[in-house]
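Reading through the structure tokens given below for one structure.
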Amino acid sequence: MREVWLERFVESPDVLKSARCQQTVVRVLDLEIGNGEFFTMAGPCSVETESRLMATAIHVRRAGARILRGGAFKPRSSPYAFQGLGLEGLKMLARARDESGLAIVTEVMSEEDVPMVAAYADILQIGTRNMENYALLEAAARSGRPVLLKRGMAATIAEWLRSAQCILNHGNPNVILCERGIRTFETATRNTFDVSAIVLLKQISHLPVIADPSHAAGCSELVPALARIAVAAEADGMIVEVHPDPANAWSDGGQSLDFAAFDEMMATMDPYLALRAIALRSREREAPQLETDELRTMEAVG
Ligand code: PEP
Ligand code: MN
């Protein structure tokens, strides 16, 4: 790794690739995130009704998603907007997992809620507004659940990695980084999708990196192209908002794909996934192979 990255990310040494760790694989149910496969997490912004959630779970599973997303606790820009169903929403997610076989990712917003959310979710999502909430990061880390750490909307990559390091420091190595767009001077899109962050992190960090094209774009028409770009950038997966009736969604309807648009997007991914697989294979061949003895010595020393 180039010296410049070691210097720039000196405060988060354990998230960087090293001789000891080139890639973290996060195990969730029977899935291995970071193993080279591209994983799709899909579902509504918020958990709304049981029938909508169930229909979405069944649909996205059939189209190739392996993880169901949906917020039961919602951080909203306005205090008057729908705040989520809370515990009732978590129970609906658990029933959707039983019905569909999908793993569940859902946001946890406060330290006190961690035990309850961790009792229902397979992956805890830390949202953009909480990336630097260290008490929450610590509680999430201690829950033992994998953590999906979204990038703060105004956070540098160094700050984001520092938060990941904090989770590692509290004994949880299962962190998935999620690029969801950052605030820039551009206002036409909801956020600016920082694809270079994905490219950089795939080179320097052993943690799985996924993209959130929905919150980056803020507009459903742009989502499929951003998703394909995430594949080309060799992300480990994506998290995307899907709703049976976006026009009547309780949150983020404008950026949610309906079922037909989700199917269409998934159907266009294959050539990009094939190119990604070729690129990953050739990179694997190029990677310097450490001798087993060398690795053993390092383990003994470090
Ligand atoms: C969400 O996933 O619905 C969400 C609120 O995401 P973010 O924290 O990235 O805005
Ligand atoms: Mn949302």
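Residue numbering restarts at 1 for every chain of the structure tokens, chains are lettered A, B, ... in their displayed order, and ligands are numbered from 1 as they appear.
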Need to verify the contact set: A:Leu136, 9 Å, only C-alpha atoms, exclusion of same-chain residues closer than 4 positions in sequence. Can you return it as a list of chain:residue names?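 Close residues of A:Leu136: A:Val108, A:Met109, A:Ser110, A:Glu111, A:Glu112, A:Val114, A:Ile126, A:Asn130, A:Met131, A:Glu132, A:Ala140, A:Ala141.
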Within 10 Å of ligand 1: each chain A residue with its shortest pair, only C-alpha atoms and all ligand atoms, as CSV:
residue,atom,partner,partner_atom_place_in_ligand_line,distance
A:Gly43,CA,ligand 1,3 (O),9.7
A:Pro44,CA,ligand 1,3 (O),8.0
A:Cys45,CA,ligand 1,3 (O),4.6
A:Ser46,CA,ligand 1,3 (O),6.8
A:Arg69,CA,ligand 1,2 (O),8.0
A:Gly70,CA,ligand 1,3 (O),7.3
A:Gly71,CA,ligand 1,3 (O),6.3
A:Ala72,CA,ligand 1,3 (O),9.7
A:Phe73,CA,ligand 1,5 (C),9.2
A:Lys74,CA,ligand 1,5 (C),6.4
A:Pro75,CA,ligand 1,5 (C),5.9
A:Arg76,CA,ligand 1,5 (C),7.3
A:Ser77,CA,ligand 1,5 (C),9.4
A:Val105,CA,ligand 1,2 (O),9.6
A:Thr106,CA,ligand 1,2 (O),8.1
A:Glu107,CA,ligand 1,2 (O),7.3
A:Met109,CA,ligand 1,8 (O),9.7
A:Gln125,CA,ligand 1,2 (O),7.9
A:Ile126,CA,ligand 1,8 (O),7.0
A:Gly127,CA,ligand 1,8 (O),3.3
A:Thr128,CA,ligand 1,8 (O),3.9
A:Arg129,CA,ligand 1,8 (O),6.0
A:Asn130,CA,ligand 1,8 (O),7.7
A:Met131,CA,ligand 1,8 (O),8.7
A:Leu149,CA,ligand 1,8 (O),9.1
A:Lys150,CA,ligand 1,9 (O),5.9
A:Arg151,CA,ligand 1,9 (O),7.3
A:Gly152,CA,ligand 1,9 (O),7.7
A:Met153,CA,ligand 1,9 (O),7.7
A:Cys178,CA,ligand 1,9 (O),8.3
A:Glu179,CA,ligand 1,9 (O),8.2
A:Arg180,CA,ligand 1,9 (O),5.4
A:Gly181,CA,ligand 1,9 (O),7.8
A:Ile182,CA,ligand 1,9 (O),9.4
A:Asn191,CA,ligand 1,10 (O),9.8
A:Asp212,CA,ligand 1,9 (O),7.5
A:Pro213,CA,ligand 1,9 (O),9.8
A:Ser214,CA,ligand 1,2 (O),8.5
A:His215,CA,ligand 1,9 (O),5.9
A:Ala216,CA,ligand 1,9 (O),8.2
A:Ile239,CA,ligand 1,2 (O),8.1
A:Val240,CA,ligand 1,2 (O),8.4
A:Glu241,CA,ligand 1,3 (O),7.8
A:Ser251,CA,ligand 1,3 (O),8.2
A:Asp252,CA,ligand 1,3 (O),7.6
Just to be explicit: take each residue in the selection above, keep C-alpha atoms, and write the result as a PDB file, in the first residue's frame.
ATOM      1  CA  GLY A  43     -36.837  -3.011   0.543  1.00  0.00           C
ATOM      2  CA  PRO A  44     -38.794   0.027   1.605  1.00  0.00           C
ATOM      3  CA  CYS A  45     -37.317   3.084   3.260  1.00  0.00           C
ATOM      4  CA  SER A  46     -39.692   2.535   6.216  1.00  0.00           C
ATOM      5  CA  ARG A  69     -34.001  -3.517   4.232  1.00  0.00           C
ATOM      6  CA  GLY A  70     -36.614  -1.435   6.027  1.00  0.00           C
ATOM      7  CA  GLY A  71     -36.523   1.173   8.773  1.00  0.00           C
ATOM      8  CA  ALA A  72     -38.544   0.690  11.952  1.00  0.00           C
ATOM      9  CA  PHE A  73     -36.814   3.686  13.549  1.00  0.00           C
ATOM     10  CA  LYS A  74     -36.562   6.566  11.099  1.00  0.00           C
ATOM     11  CA  PRO A  75     -34.295   9.594  11.325  1.00  0.00           C
ATOM     12  CA  ARG A  76     -36.356  12.241   9.529  1.00  0.00           C
ATOM     13  CA  SER A  77     -35.358  15.725   8.474  1.00  0.00           C
ATOM     14  CA  VAL A 105     -30.937  -4.994   7.883  1.00  0.00           C
ATOM     15  CA  THR A 106     -32.539  -2.161   9.823  1.00  0.00           C
ATOM     16  CA  GLU A 107     -31.429   1.102  11.375  1.00  0.00           C
ATOM     17  CA  MET A 109     -30.822   5.267  16.132  1.00  0.00           C
ATOM     18  CA  GLN A 125     -27.603  -0.075  10.184  1.00  0.00           C
ATOM     19  CA  ILE A 126     -26.006   3.101  11.515  1.00  0.00           C
ATOM     20  CA  GLY A 127     -27.368   6.010   9.498  1.00  0.00           C
ATOM     21  CA  THR A 128     -25.569   8.956   8.009  1.00  0.00           C
ATOM     22  CA  ARG A 129     -26.714  11.276  10.829  1.00  0.00           C
ATOM     23  CA  ASN A 130     -25.231   8.989  13.474  1.00  0.00           C
ATOM     24  CA  MET A 131     -21.890   8.088  11.928  1.00  0.00           C
ATOM     25  CA  LEU A 149     -21.920   1.865   8.742  1.00  0.00           C
ATOM     26  CA  LYS A 150     -23.214   4.540   6.432  1.00  0.00           C
ATOM     27  CA  ARG A 151     -20.963   7.438   5.552  1.00  0.00           C
ATOM     28  CA  GLY A 152     -21.845  10.709   7.260  1.00  0.00           C
ATOM     29  CA  MET A 153     -23.261  13.085   4.663  1.00  0.00           C
ATOM     30  CA  CYS A 178     -21.826   2.032   2.870  1.00  0.00           C
ATOM     31  CA  GLU A 179     -21.278   4.989   0.531  1.00  0.00           C
ATOM     32  CA  ARG A 180     -24.645   6.807   0.358  1.00  0.00           C
ATOM     33  CA  GLY A 181     -23.632  10.098  -1.187  1.00  0.00           C
ATOM     34  CA  ILE A 182     -22.280  13.256   0.374  1.00  0.00           C
ATOM     35  CA  ASN A 191     -26.460  13.878  -2.600  1.00  0.00           C
ATOM     36  CA  ASP A 212     -26.659   3.090  -1.605  1.00  0.00           C
ATOM     37  CA  PRO A 213     -27.710   4.472  -4.983  1.00  0.00           C
ATOM     38  CA  SER A 214     -31.153   5.470  -3.643  1.00  0.00           C
ATOM     39  CA  HIS A 215     -30.037   8.047  -1.076  1.00  0.00           C
ATOM     40  CA  ALA A 216     -27.235   9.195  -3.360  1.00  0.00           C
ATOM     41  CA  ILE A 239     -28.722  -1.315  -0.578  1.00  0.00           C
ATOM     42  CA  VAL A 240     -31.645  -0.018  -2.594  1.00  0.00           C
ATOM     43  CA  GLU A 241     -35.130   1.273  -1.779  1.00  0.00           C
ATOM     44  CA  SER A 251     -40.968   8.076   3.276  1.00  0.00           C
ATOM     45  CA  ASP A 252     -38.533   8.457   0.372  1.00  0.00           C
TER      46      ASP A 252
END
Residues near A:Ser18, cut-off 10 Å, only C-alpha atoms, skip fewer than 5 positions along chain, as an MDAnalysis selection string: chainID A and resid 1 13 23 204:206
To one decimal place in Å, what is the distance between atom CA of A:Pro224 and atom CA of A:Asn35?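 For atom CA of A:Pro224 relative to atom CA of A:Asn35, the distance reads 23.3 Å.
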Contacts of stretch 255-261 of chain A at 8 Å (only C-alpha atoms; same-chain gap of 6+ positions) as an NGL selection string: :A and (44-45 or 56 or 59-60 or 214-215 or 217-221 or 223 or 240-246)
Assign secondary structure with DSSP using the backbone only, and return the residues of stretch 149-302 of chain A in helix (DSSP H, G or I) as a ChimeraX atom specification. /A:157-169,195-204,213-217,220-232,246-248,253-255,259-268,270-286,292-301
Mind checking which residues fall within 10 Å of A:Leu201, counting only C-alpha atoms, ignoring those fewer than 5 positions away in the same chain, and posting them as an MDAnalysis selection string? chainID A and resid 15:17 157 161 177 195:196 206:209 235
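Interatomic distance, atom CA of A:Asn174 against atom CA of A:Arg142: 11.1 Å.
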Quick check for you: according to DSSP on this backbone, which residues of stretch 94-252 of chain A are classed as strand (DSSP E)? Reply as a PyMOL selection string. chain A and resi 103-107+123-126+147-150+175-179+209-211+237-241
Which one is closest to A:Glu159: A:Leu102, A:Ala121, A:Val10, A:Ala287? Count only C-alpha atoms.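 Among A:Leu102, A:Ala121, A:Val10, A:Ala287, it is A:Val10 that comes nearest to A:Glu159.
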Compile the contact shell of A:Met238 as JSON, numbers by chain: residues with an atom at most 6 Å away, counting only C-alpha atoms, same-chain residues fewer than 5 positions apart removed. {"A": [40, 210, 211, 212]}
With only C-alpha atoms as the basis for distance, which of A:Val147, A:Ile104, A:Ala247, A:Met41 is at the shortest distance from A:Ala63?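 Residue with the minimum atom-to-atom distance to A:Ala63: A:Met41.
We find atom CA of A:Leu280 and atom CA of A:Leu226 to be spaced 19.8 Å apart.
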